[in-house]
$ cat run-v2.cif   # mmCIF, C-alpha atoms
data_coords
loop_
_atom_site.label_atom_id
_atom_site.label_comp_id
_atom_site.auth_asym_id
_atom_site.auth_seq_id
_atom_site.Cartn_x
_atom_site.Cartn_y
_atom_site.Cartn_z
CA MET D 1 -100.49 -67.26 18.89
CA LEU D 2 -98.59 -70.54 18.48
CA THR D 3 -100.96 -73.21 17.15
CA HIS D 4 -98.59 -76.15 16.81
CA SER D 5 -95.87 -77.89 18.78
CA THR D 6 -92.69 -75.89 18.87
CA ALA D 7 -89.76 -74.93 21.07
CA ARG D 8 -88.28 -71.47 21.49
CA VAL D 9 -86.21 -69.33 23.83
CA LEU D 10 -88.50 -67.63 26.32
CA GLU D 11 -88.50 -63.87 26.83
CA PRO D 12 -89.25 -61.71 29.88
CA GLY D 13 -92.88 -61.40 28.78
CA ASP D 14 -93.27 -65.17 29.15
CA LEU D 15 -92.59 -65.04 32.91
CA ASP D 16 -96.11 -65.78 34.16
CA ALA D 17 -96.49 -68.78 31.87
CA ALA D 18 -93.07 -70.11 32.90
CA LEU D 19 -93.90 -69.75 36.59
CA GLU D 20 -97.13 -71.67 36.03
CA VAL D 21 -95.09 -74.60 34.71
CA LEU D 22 -92.54 -74.35 37.52
CA HIS D 23 -95.23 -74.32 40.20
CA ARG D 24 -96.62 -77.67 39.03
CA ASP D 25 -93.86 -79.40 41.00
CA PRO D 26 -92.48 -76.95 43.58
CA VAL D 27 -90.06 -79.42 45.15
CA ALA D 28 -88.45 -80.85 42.01
CA ASN D 29 -88.29 -77.42 40.38
CA ALA D 30 -87.05 -75.48 43.43
CA PHE D 31 -83.58 -74.72 42.04
CA VAL D 32 -84.80 -73.17 38.79
CA THR D 33 -87.81 -71.50 40.39
CA SER D 34 -85.58 -69.75 42.91
CA ARG D 35 -83.41 -68.38 40.12
CA VAL D 36 -86.39 -67.24 38.05
CA ASN D 37 -87.98 -65.54 41.06
CA ILE D 38 -84.84 -63.43 41.45
CA ALA D 39 -83.76 -62.88 37.85
CA GLY D 40 -86.86 -63.34 35.70
CA LEU D 41 -86.19 -64.71 32.23
CA ASP D 42 -83.58 -62.25 31.04
CA PRO D 43 -80.63 -64.47 30.04
CA TRP D 44 -78.00 -62.08 31.42
CA ARG D 45 -79.58 -61.98 34.87
CA LEU D 46 -80.71 -65.61 34.82
CA GLY D 47 -77.30 -66.93 33.86
CA GLY D 48 -78.65 -68.86 30.90
CA GLU D 49 -81.57 -69.28 28.54
CA MET D 50 -84.96 -70.74 29.36
CA TRP D 51 -86.31 -72.88 26.56
CA GLY D 52 -90.03 -73.47 26.29
CA TRP D 53 -92.00 -76.24 24.59
CA TYR D 54 -95.47 -75.28 23.37
CA GLU D 55 -98.37 -77.51 22.41
CA ALA D 56 -101.42 -75.92 20.76
CA GLY D 57 -100.19 -72.49 21.86
CA ARG D 58 -99.77 -73.45 25.52
CA LEU D 59 -96.44 -73.58 27.33
CA VAL D 60 -96.11 -77.17 28.55
CA SER D 61 -92.43 -77.80 29.39
CA LEU D 62 -89.25 -75.89 30.14
CA CYS D 63 -85.52 -76.46 30.01
CA TYR D 64 -83.01 -74.24 31.80
CA ALA D 65 -79.80 -73.99 29.78
CA GLY D 66 -77.06 -72.39 31.83
CA ALA D 67 -74.24 -73.82 33.90
CA ASN D 68 -76.59 -76.79 34.25
CA LEU D 69 -79.00 -78.19 31.68
CA VAL D 70 -82.25 -78.87 33.56
CA PRO D 71 -85.43 -80.33 32.01
CA ILE D 72 -88.58 -79.13 33.79
CA CYS D 73 -91.95 -80.89 33.56
CA ALA D 74 -90.61 -82.18 30.27
CA THR D 75 -92.80 -84.42 28.12
CA PRO D 76 -91.11 -86.92 25.76
CA GLU D 77 -91.81 -84.59 22.84
CA ALA D 78 -90.31 -81.67 24.73
CA VAL D 79 -87.22 -83.69 25.64
CA ALA D 80 -86.66 -84.50 21.98
CA ALA D 81 -86.93 -80.82 21.03
CA PHE D 82 -84.66 -79.71 23.88
CA ALA D 83 -82.07 -82.35 22.99
CA GLU D 84 -82.00 -81.18 19.39
CA ARG D 85 -81.57 -77.55 20.43
CA ALA D 86 -78.80 -78.52 22.90
CA ARG D 87 -77.05 -80.63 20.26
CA ARG D 88 -77.06 -77.75 17.79
CA SER D 89 -75.83 -75.28 20.41
CA GLY D 90 -73.02 -77.51 21.64
CA ARG D 91 -72.28 -78.32 25.25
CA ARG D 92 -71.89 -75.24 27.44
CA CYS D 93 -72.98 -76.76 30.75
CA SER D 94 -71.02 -78.59 33.44
CA SER D 95 -73.87 -81.00 34.17
CA VAL D 96 -77.27 -82.26 33.08
CA VAL D 97 -79.50 -82.64 36.11
CA GLY D 98 -83.18 -83.05 36.87
CA PRO D 99 -85.97 -85.56 37.44
CA ALA D 100 -84.59 -88.98 36.57
CA GLY D 101 -86.98 -89.97 33.76
CA PRO D 102 -86.71 -86.90 31.52
CA THR D 103 -83.02 -86.45 32.34
CA ALA D 104 -82.25 -90.03 31.32
CA ASP D 105 -84.12 -89.52 28.05
CA LEU D 106 -82.34 -86.22 27.42
CA TRP D 107 -78.92 -87.74 28.08
CA ALA D 108 -79.63 -90.76 25.87
CA ARG D 109 -80.21 -88.33 22.99
CA LEU D 110 -77.19 -86.15 23.80
CA GLU D 111 -74.63 -88.79 24.75
CA PRO D 112 -73.67 -89.66 21.13
CA HIS D 113 -72.79 -85.99 20.61
CA TRP D 114 -71.63 -84.85 24.06
CA GLY D 115 -70.32 -88.05 25.59
CA PRO D 116 -68.65 -89.59 27.31
CA ALA D 117 -69.55 -88.00 30.64
CA ARG D 118 -67.12 -87.97 33.53
CA GLU D 119 -69.78 -89.60 35.72
CA VAL D 120 -73.47 -90.48 35.50
CA ARG D 121 -75.53 -90.73 38.71
CA ARG D 122 -78.78 -92.27 37.57
CA HIS D 123 -80.64 -92.45 40.88
CA GLN D 124 -80.43 -89.67 43.45
CA PRO D 125 -83.36 -89.91 45.88
CA LEU D 126 -85.29 -86.64 46.25
CA MET D 127 -86.42 -86.35 49.86
CA THR D 128 -88.66 -83.97 51.82
CA THR D 129 -89.89 -83.24 55.31
CA ARG D 130 -92.42 -80.86 56.83
CA SER D 131 -91.57 -81.27 60.50
CA LEU D 132 -88.77 -81.54 63.02
CA PRO D 133 -87.62 -85.06 63.92
CA ALA D 134 -88.93 -86.72 67.05
CA GLY D 135 -86.25 -87.82 69.48
CA ILE D 136 -83.33 -85.92 67.89
CA ALA D 137 -82.45 -82.68 69.61
CA PRO D 138 -81.02 -79.96 67.37
CA ASP D 139 -77.32 -79.35 67.96
CA PRO D 140 -77.24 -76.09 69.98
CA LEU D 141 -73.77 -75.30 68.60
CA VAL D 142 -74.97 -75.14 64.99
CA ARG D 143 -75.57 -71.52 64.04
CA ARG D 144 -75.55 -69.12 61.14
CA VAL D 145 -72.09 -68.46 59.73
CA ARG D 146 -71.03 -64.82 60.18
CA LYS D 147 -69.77 -62.67 57.34
CA ASP D 148 -66.38 -62.39 59.02
CA GLU D 149 -65.99 -66.20 59.00
CA MET D 150 -65.53 -66.70 55.25
CA ASP D 151 -61.93 -67.83 55.76
CA VAL D 152 -63.18 -70.43 58.26
CA ILE D 153 -66.04 -71.82 56.20
CA MET D 154 -64.37 -71.87 52.75
CA PRO D 155 -62.00 -74.83 53.35
CA ALA D 156 -64.94 -76.95 54.49
CA CYS D 157 -67.00 -75.87 51.47
CA VAL D 158 -64.14 -76.76 49.12
CA ALA D 159 -63.68 -80.14 50.81
CA MET D 160 -67.40 -80.91 50.57
CA PHE D 161 -67.61 -79.91 46.90
CA THR D 162 -64.53 -81.94 45.98
CA GLU D 163 -65.82 -85.03 47.79
CA GLU D 164 -69.28 -84.69 46.28
CA VAL D 165 -68.51 -83.73 42.68
CA GLY D 166 -65.07 -85.27 42.24
CA VAL D 167 -63.32 -82.08 41.12
CA SER D 168 -62.21 -79.00 43.03
CA PRO D 169 -64.30 -75.82 42.74
CA LEU D 170 -61.00 -73.93 42.69
CA ALA D 171 -60.21 -75.20 39.18
CA GLY D 172 -60.62 -72.88 36.23
CA ASP D 173 -61.16 -69.42 37.68
CA GLY D 174 -59.36 -70.16 40.93
CA GLY D 175 -62.64 -70.53 42.76
CA LEU D 176 -63.87 -66.96 42.32
CA LEU D 177 -67.40 -67.94 41.27
CA TYR D 178 -67.65 -70.59 43.96
CA GLN D 179 -66.42 -68.22 46.65
CA ALA D 180 -68.94 -65.63 45.49
CA ARG D 181 -71.75 -68.17 45.80
CA VAL D 182 -70.67 -69.17 49.31
CA ALA D 183 -70.41 -65.49 50.27
CA GLU D 184 -73.93 -64.92 48.97
CA LEU D 185 -75.31 -67.74 51.14
CA VAL D 186 -73.44 -66.44 54.18
CA SER D 187 -74.61 -62.88 53.56
CA ASN D 188 -78.23 -64.05 53.24
CA GLY D 189 -78.05 -66.00 56.51
CA ARG D 190 -78.45 -69.37 54.78
CA ALA D 191 -75.09 -70.96 55.70
CA PHE D 192 -74.96 -72.91 58.95
CA ALA D 193 -72.09 -74.55 60.80
CA ARG D 194 -70.76 -75.87 64.06
CA ILE D 195 -67.33 -74.33 64.52
CA GLU D 196 -64.90 -75.45 67.22
CA ASP D 197 -61.48 -73.87 67.77
CA GLY D 198 -61.67 -72.18 64.40
CA GLN D 199 -62.47 -75.42 62.54
CA VAL D 200 -65.75 -76.44 60.92
CA VAL D 201 -67.13 -79.64 62.44
CA PHE D 202 -70.48 -79.68 60.60
CA LYS D 203 -71.92 -77.47 57.89
CA ALA D 204 -74.91 -77.19 55.57
CA GLU D 205 -76.59 -74.50 53.52
CA VAL D 206 -80.14 -73.67 52.54
CA GLY D 207 -79.65 -73.20 48.81
CA ALA D 208 -82.71 -72.86 46.61
CA VAL D 209 -85.55 -70.97 48.28
CA THR D 210 -89.13 -70.35 47.16
CA ARG D 211 -92.33 -69.58 49.05
CA GLN D 212 -93.35 -73.24 48.83
CA THR D 213 -90.09 -75.02 49.63
CA CYS D 214 -86.38 -74.76 50.22
CA GLN D 215 -83.52 -77.12 49.51
CA ILE D 216 -80.68 -78.06 51.85
CA GLN D 217 -77.31 -78.60 50.19
CA GLY D 218 -73.64 -78.97 51.03
CA VAL D 219 -74.07 -81.17 54.09
CA TRP D 220 -70.61 -82.06 55.41
CA VAL D 221 -69.01 -83.41 58.57
CA ALA D 222 -65.27 -83.11 59.17
CA PRO D 223 -63.66 -86.55 58.68
CA ALA D 224 -62.36 -86.73 62.25
CA TYR D 225 -65.90 -86.31 63.58
CA ARG D 226 -67.73 -88.77 61.35
CA GLY D 227 -69.60 -91.66 62.92
CA ARG D 228 -70.80 -89.59 65.89
CA ARG D 229 -74.22 -88.76 64.38
CA LEU D 230 -73.34 -85.08 64.20
CA SER D 231 -75.00 -85.00 60.79
CA GLU D 232 -78.33 -85.89 62.45
CA THR D 233 -78.22 -83.32 65.24
CA GLY D 234 -76.75 -80.77 62.83
CA MET D 235 -79.48 -81.40 60.27
CA ALA D 236 -82.11 -81.12 63.00
CA ALA D 237 -80.70 -77.68 63.83
CA VAL D 238 -80.73 -76.55 60.19
CA LEU D 239 -84.27 -77.90 59.80
CA SER D 240 -85.44 -75.88 62.76
CA TYR D 241 -84.14 -72.71 61.11
CA ALA D 242 -85.49 -73.61 57.66
CA LEU D 243 -89.00 -74.60 58.76
CA ARG D 244 -89.33 -71.61 61.05
CA ASP D 245 -87.79 -68.90 58.88
CA VAL D 246 -87.82 -70.03 55.25
CA ALA D 247 -90.48 -72.42 53.92
CA PRO D 248 -93.02 -75.06 55.02
CA VAL D 249 -91.33 -77.90 53.10
CA VAL D 250 -87.62 -78.73 53.18
CA SER D 251 -86.05 -80.92 50.51
CA LEU D 252 -82.71 -82.35 49.45
CA TYR D 253 -81.39 -84.95 47.06
CA VAL D 254 -78.65 -87.44 47.79
CA ASN D 255 -76.59 -90.02 45.92
CA ASP D 256 -78.12 -93.49 46.20
CA PHE D 257 -74.70 -94.99 47.00
CA ASN D 258 -74.25 -92.71 50.02
CA THR D 259 -75.99 -95.07 52.42
CA PRO D 260 -74.81 -93.37 55.65
CA ALA D 261 -76.22 -90.03 54.51
CA ARG D 262 -79.49 -91.56 53.34
CA ALA D 263 -79.91 -93.31 56.69
CA ALA D 264 -79.17 -90.10 58.57
CA TYR D 265 -81.70 -88.13 56.53
CA GLU D 266 -84.34 -90.78 57.11
CA ARG D 267 -83.70 -90.66 60.86
CA VAL D 268 -84.31 -86.91 60.90
CA GLY D 269 -87.62 -87.38 59.09
CA PHE D 270 -86.93 -87.09 55.38
CA THR D 271 -88.91 -89.39 53.10
CA GLU D 272 -88.25 -90.17 49.44
CA VAL D 273 -90.70 -88.48 47.06
CA GLY D 274 -88.90 -88.84 43.73
CA SER D 275 -85.59 -89.36 42.00
CA PHE D 276 -83.08 -87.06 40.34
CA MET D 277 -80.32 -87.92 37.89
CA SER D 278 -77.06 -86.06 37.30
CA VAL D 279 -74.64 -86.25 34.38
CA LEU D 280 -71.30 -84.68 35.28
CA PHE D 281 -68.71 -83.47 32.74
#
$ encode --input "run-v2.cif" --output "structure tokens"
Amino acid sequence: MLTHSTARVLEPGDLDAALEVLHRDPVANAFVTSRVNIAGLDPWRLGGEMWGWYEAGRLVSLCYAGANLVPICATPEAVAAFAERARRSGRRCSSVVGPAGPTADLWARLEPHWGPAREVRRHQPLMTTRSLPAGIAPDPLVRRVRKDEMDVIMPACVAMFTEEVGVSPLAGDGGLLYQARVAELVSNGRAFARIEDGQVVFKAEVGAVTRQTCQIQGVWVAPAYRGRRLSETGMAAVLSYALRDVAPVVSLYVNDFNTPARAAYERVGFTEVGSFMSVLF
């Protein structure tokens, strides 16, 4: 039994305690919870380590350390411990992302050792909805992407990622990992698009999924079709699928400077419930 404050790498036997922490904030923790539900805490299956912060023998906070570094329900004391562990380990992640307060604290401690970052997005509104929008009919042409349409959907996915993150997902391994992730979403019926004449007009995916919530990601409208409110009718269509088939709460987070997207999400019923922060390398 741990009787003092300490941090350590969690093991598979710590799963129930880790899930208890994750379930304290189902929306903010959806990404990590979805991974843990599938892979448990084994680092090979999880794609990274899960660090735990204990106080008086009780697991209080977590930090996922994989391709992303993600503080979870992290107290100031936990952030300090996670930052020290991350500093000693060296940077292995492509981003630090999570609830704005703890993430800002974590980055302030890591920046002297890991900085400078390529970009820091300090305020990314976290938004949710529980219902379909009134007055916006779902686009009837938005549907699930078929497995035989990977060659159609991939250029749109690459364009979205490059616009959003600022680098191409094809860099490094030639896009093999990114293509595998897109294929997984398509195979699981969680990739949606409006496709006309073999071209993607609108697309979005339901990424993280838990019993409590799911998270929409990768929303994109082809440049030639922007300004026609296709993002609103398209999102209404994706929402209808998500609320009916996946989870009772749908969430997303968006860059604060993307005012057209924020306005569109508000019009389809999303309301701001928190704030994320992302540090991109």
$ resolve_selection --input "run-v2.cif" --expression "the PyMOL selection byres ((chain D and resi 92-99) around 9)" --output "PyMOL selection string"
chain D and resi 28-29+65-73+86+89-91+100-104+106-107+117+126+274-281
$ resolve_selection --input "run-v2.cif" --expression "the PyMOL selection byres ((chain D and resi 4-18) around 6)" --output "ChimeraX atom specification"
/D:2-3,19-21,41-42,50-56
$ atom_distance --input "run-v2.cif" --atom1 "atom CA of D:Val142" --atom2 "atom CA of D:Asp245"
15.5 Å
$ closest_residue --input "run-v2.cif" --among "D:Arg146, D:Leu185, D:Arg190, D:Trp220" --to "D:Phe161" --atoms "only C-alpha atoms"
D:Trp220
$ axis_aligned_box --input "run-v2.cif" --around "stretch 238-255 of chain D" --padding-each-side "8 Å" --output "lines of an AutoDock Vina configuration file"
center_x = -84.8
center_y = -79.5
center_z = 54.3
size_x = 32.4
size_y = 37.1
size_z = 32.8
$ atom_distance --input "run-v2.cif" --atom1 "atom CA of D:Ala247" --atom2 "atom CA of D:Glu184"
18.8 Å
$ resolve_selection --input "run-v2.cif" --expression "the PyMOL selection byres ((chain D and resi 150) around 12)" --output "PDB file with C-alpha atoms, keeping the file's coordinate frame"
ATOM      1  CA  ARG D 144     -75.550 -69.120  61.140  1.00  0.00           C
ATOM      2  CA  VAL D 145     -72.090 -68.460  59.730  1.00  0.00           C
ATOM      3  CA  ARG D 146     -71.030 -64.820  60.180  1.00  0.00           C
ATOM      4  CA  LYS D 147     -69.770 -62.670  57.340  1.00  0.00           C
ATOM      5  CA  ASP D 148     -66.380 -62.390  59.020  1.00  0.00           C
ATOM      6  CA  GLU D 149     -65.990 -66.200  59.000  1.00  0.00           C
ATOM      7  CA  ASP D 151     -61.930 -67.830  55.760  1.00  0.00           C
ATOM      8  CA  VAL D 152     -63.180 -70.430  58.260  1.00  0.00           C
ATOM      9  CA  ILE D 153     -66.040 -71.820  56.200  1.00  0.00           C
ATOM     10  CA  MET D 154     -64.370 -71.870  52.750  1.00  0.00           C
ATOM     11  CA  PRO D 155     -62.000 -74.830  53.350  1.00  0.00           C
ATOM     12  CA  ALA D 156     -64.940 -76.950  54.490  1.00  0.00           C
ATOM     13  CA  CYS D 157     -67.000 -75.870  51.470  1.00  0.00           C
ATOM     14  CA  VAL D 158     -64.140 -76.760  49.120  1.00  0.00           C
ATOM     15  CA  GLN D 179     -66.420 -68.220  46.650  1.00  0.00           C
ATOM     16  CA  ALA D 180     -68.940 -65.630  45.490  1.00  0.00           C
ATOM     17  CA  ARG D 181     -71.750 -68.170  45.800  1.00  0.00           C
ATOM     18  CA  VAL D 182     -70.670 -69.170  49.310  1.00  0.00           C
ATOM     19  CA  ALA D 183     -70.410 -65.490  50.270  1.00  0.00           C
ATOM     20  CA  GLU D 184     -73.930 -64.920  48.970  1.00  0.00           C
ATOM     21  CA  LEU D 185     -75.310 -67.740  51.140  1.00  0.00           C
ATOM     22  CA  VAL D 186     -73.440 -66.440  54.180  1.00  0.00           C
ATOM     23  CA  SER D 187     -74.610 -62.880  53.560  1.00  0.00           C
ATOM     24  CA  ALA D 191     -75.090 -70.960  55.700  1.00  0.00           C
ATOM     25  CA  PHE D 192     -74.960 -72.910  58.950  1.00  0.00           C
ATOM     26  CA  ALA D 193     -72.090 -74.550  60.800  1.00  0.00           C
ATOM     27  CA  GLY D 198     -61.670 -72.180  64.400  1.00  0.00           C
ATOM     28  CA  GLN D 199     -62.470 -75.420  62.540  1.00  0.00           C
ATOM     29  CA  VAL D 200     -65.750 -76.440  60.920  1.00  0.00           C
TER      30      VAL D 200
END
$ atom_distance --input "run-v2.cif" --atom1 "atom CA of D:Ser231" --atom2 "atom CA of D:Gly174"
29.3 Å
$ residues_around --input "run-v2.cif" --residues "D:Arg267" --least-positions-apart "4" --cutoff "8 Å" --atoms "only C-alpha atoms" --output "VMD selection string"
chain D and resid 133 232 263
$ write_last_selection --input "run-v2.cif" --atoms "C-alpha atoms" --output "CSV table (one decimal), keeping the file's coordinate frame"
chain,number,residue,atom,x,y,z
D,133,PRO,CA,-87.6,-85.1,63.9
D,232,GLU,CA,-78.3,-85.9,62.4
D,263,ALA,CA,-79.9,-93.3,56.7
$ closest_residue --input "run-v2.cif" --among "D:Thr162, D:Leu230, D:Val120, D:Gly57" --to "D:Ala108" --atoms "all atoms listed in the file"
D:Val120
$ build_atoms --input "run-v2.cif" --residues "stretch 208-222 of chain D" --atoms "N, CA and C atoms" --output "PDB file, in the frame of the given file"
ATOM      1  N   ALA D 208     -81.536 -73.363  47.316  1.00  0.00           N
ATOM      2  CA  ALA D 208     -82.710 -72.860  46.610  1.00  0.00           C
ATOM      3  C   ALA D 208     -83.829 -72.557  47.590  1.00  0.00           C
ATOM      4  N   VAL D 209     -84.468 -71.396  47.396  1.00  0.00           N
ATOM      5  CA  VAL D 209     -85.550 -70.970  48.280  1.00  0.00           C
ATOM      6  C   VAL D 209     -86.705 -70.419  47.452  1.00  0.00           C
ATOM      7  N   THR D 210     -87.910 -70.925  47.706  1.00  0.00           N
ATOM      8  CA  THR D 210     -89.130 -70.350  47.160  1.00  0.00           C
ATOM      9  C   THR D 210     -90.135 -70.223  48.300  1.00  0.00           C
ATOM     10  N   ARG D 211     -91.306 -69.680  48.006  1.00  0.00           N
ATOM     11  CA  ARG D 211     -92.330 -69.580  49.050  1.00  0.00           C
ATOM     12  C   ARG D 211     -92.840 -70.948  49.466  1.00  0.00           C
ATOM     13  N   GLN D 212     -92.803 -71.918  48.553  1.00  0.00           N
ATOM     14  CA  GLN D 212     -93.350 -73.240  48.830  1.00  0.00           C
ATOM     15  C   GLN D 212     -92.352 -74.181  49.499  1.00  0.00           C
ATOM     16  N   THR D 213     -91.073 -74.027  49.167  1.00  0.00           N
ATOM     17  CA  THR D 213     -90.090 -75.020  49.630  1.00  0.00           C
ATOM     18  C   THR D 213     -88.698 -74.423  49.633  1.00  0.00           C
ATOM     19  N   CYS D 214     -87.790 -75.112  50.298  1.00  0.00           N
ATOM     20  CA  CYS D 214     -86.380 -74.760  50.220  1.00  0.00           C
ATOM     21  C   CYS D 214     -85.568 -76.050  50.174  1.00  0.00           C
ATOM     22  N   GLN D 215     -84.345 -75.936  49.723  1.00  0.00           N
ATOM     23  CA  GLN D 215     -83.520 -77.120  49.510  1.00  0.00           C
ATOM     24  C   GLN D 215     -82.209 -77.010  50.276  1.00  0.00           C
ATOM     25  N   ILE D 216     -81.940 -78.003  51.115  1.00  0.00           N
ATOM     26  CA  ILE D 216     -80.680 -78.060  51.850  1.00  0.00           C
ATOM     27  C   ILE D 216     -79.602 -78.674  50.955  1.00  0.00           C
ATOM     28  N   GLN D 217     -78.421 -78.115  51.014  1.00  0.00           N
ATOM     29  CA  GLN D 217     -77.310 -78.600  50.190  1.00  0.00           C
ATOM     30  C   GLN D 217     -76.019 -78.524  51.002  1.00  0.00           C
ATOM     31  N   GLY D 218     -74.972 -79.125  50.460  1.00  0.00           N
ATOM     32  CA  GLY D 218     -73.640 -78.970  51.030  1.00  0.00           C
ATOM     33  C   GLY D 218     -73.465 -79.517  52.423  1.00  0.00           C
ATOM     34  N   VAL D 219     -74.195 -80.586  52.760  1.00  0.00           N
ATOM     35  CA  VAL D 219     -74.070 -81.170  54.090  1.00  0.00           C
ATOM     36  C   VAL D 219     -72.712 -81.859  54.207  1.00  0.00           C
ATOM     37  N   TRP D 220     -71.983 -81.550  55.263  1.00  0.00           N
ATOM     38  CA  TRP D 220     -70.610 -82.060  55.410  1.00  0.00           C
ATOM     39  C   TRP D 220     -70.238 -82.141  56.871  1.00  0.00           C
ATOM     40  N   VAL D 221     -69.568 -83.242  57.235  1.00  0.00           N
ATOM     41  CA  VAL D 221     -69.010 -83.410  58.570  1.00  0.00           C
ATOM     42  C   VAL D 221     -67.509 -83.625  58.412  1.00  0.00           C
ATOM     43  N   ALA D 222     -66.732 -82.944  59.225  1.00  0.00           N
ATOM     44  CA  ALA D 222     -65.270 -83.110  59.170  1.00  0.00           C
ATOM     45  C   ALA D 222     -64.914 -84.569  59.373  1.00  0.00           C
TER      46      ALA D 222
END
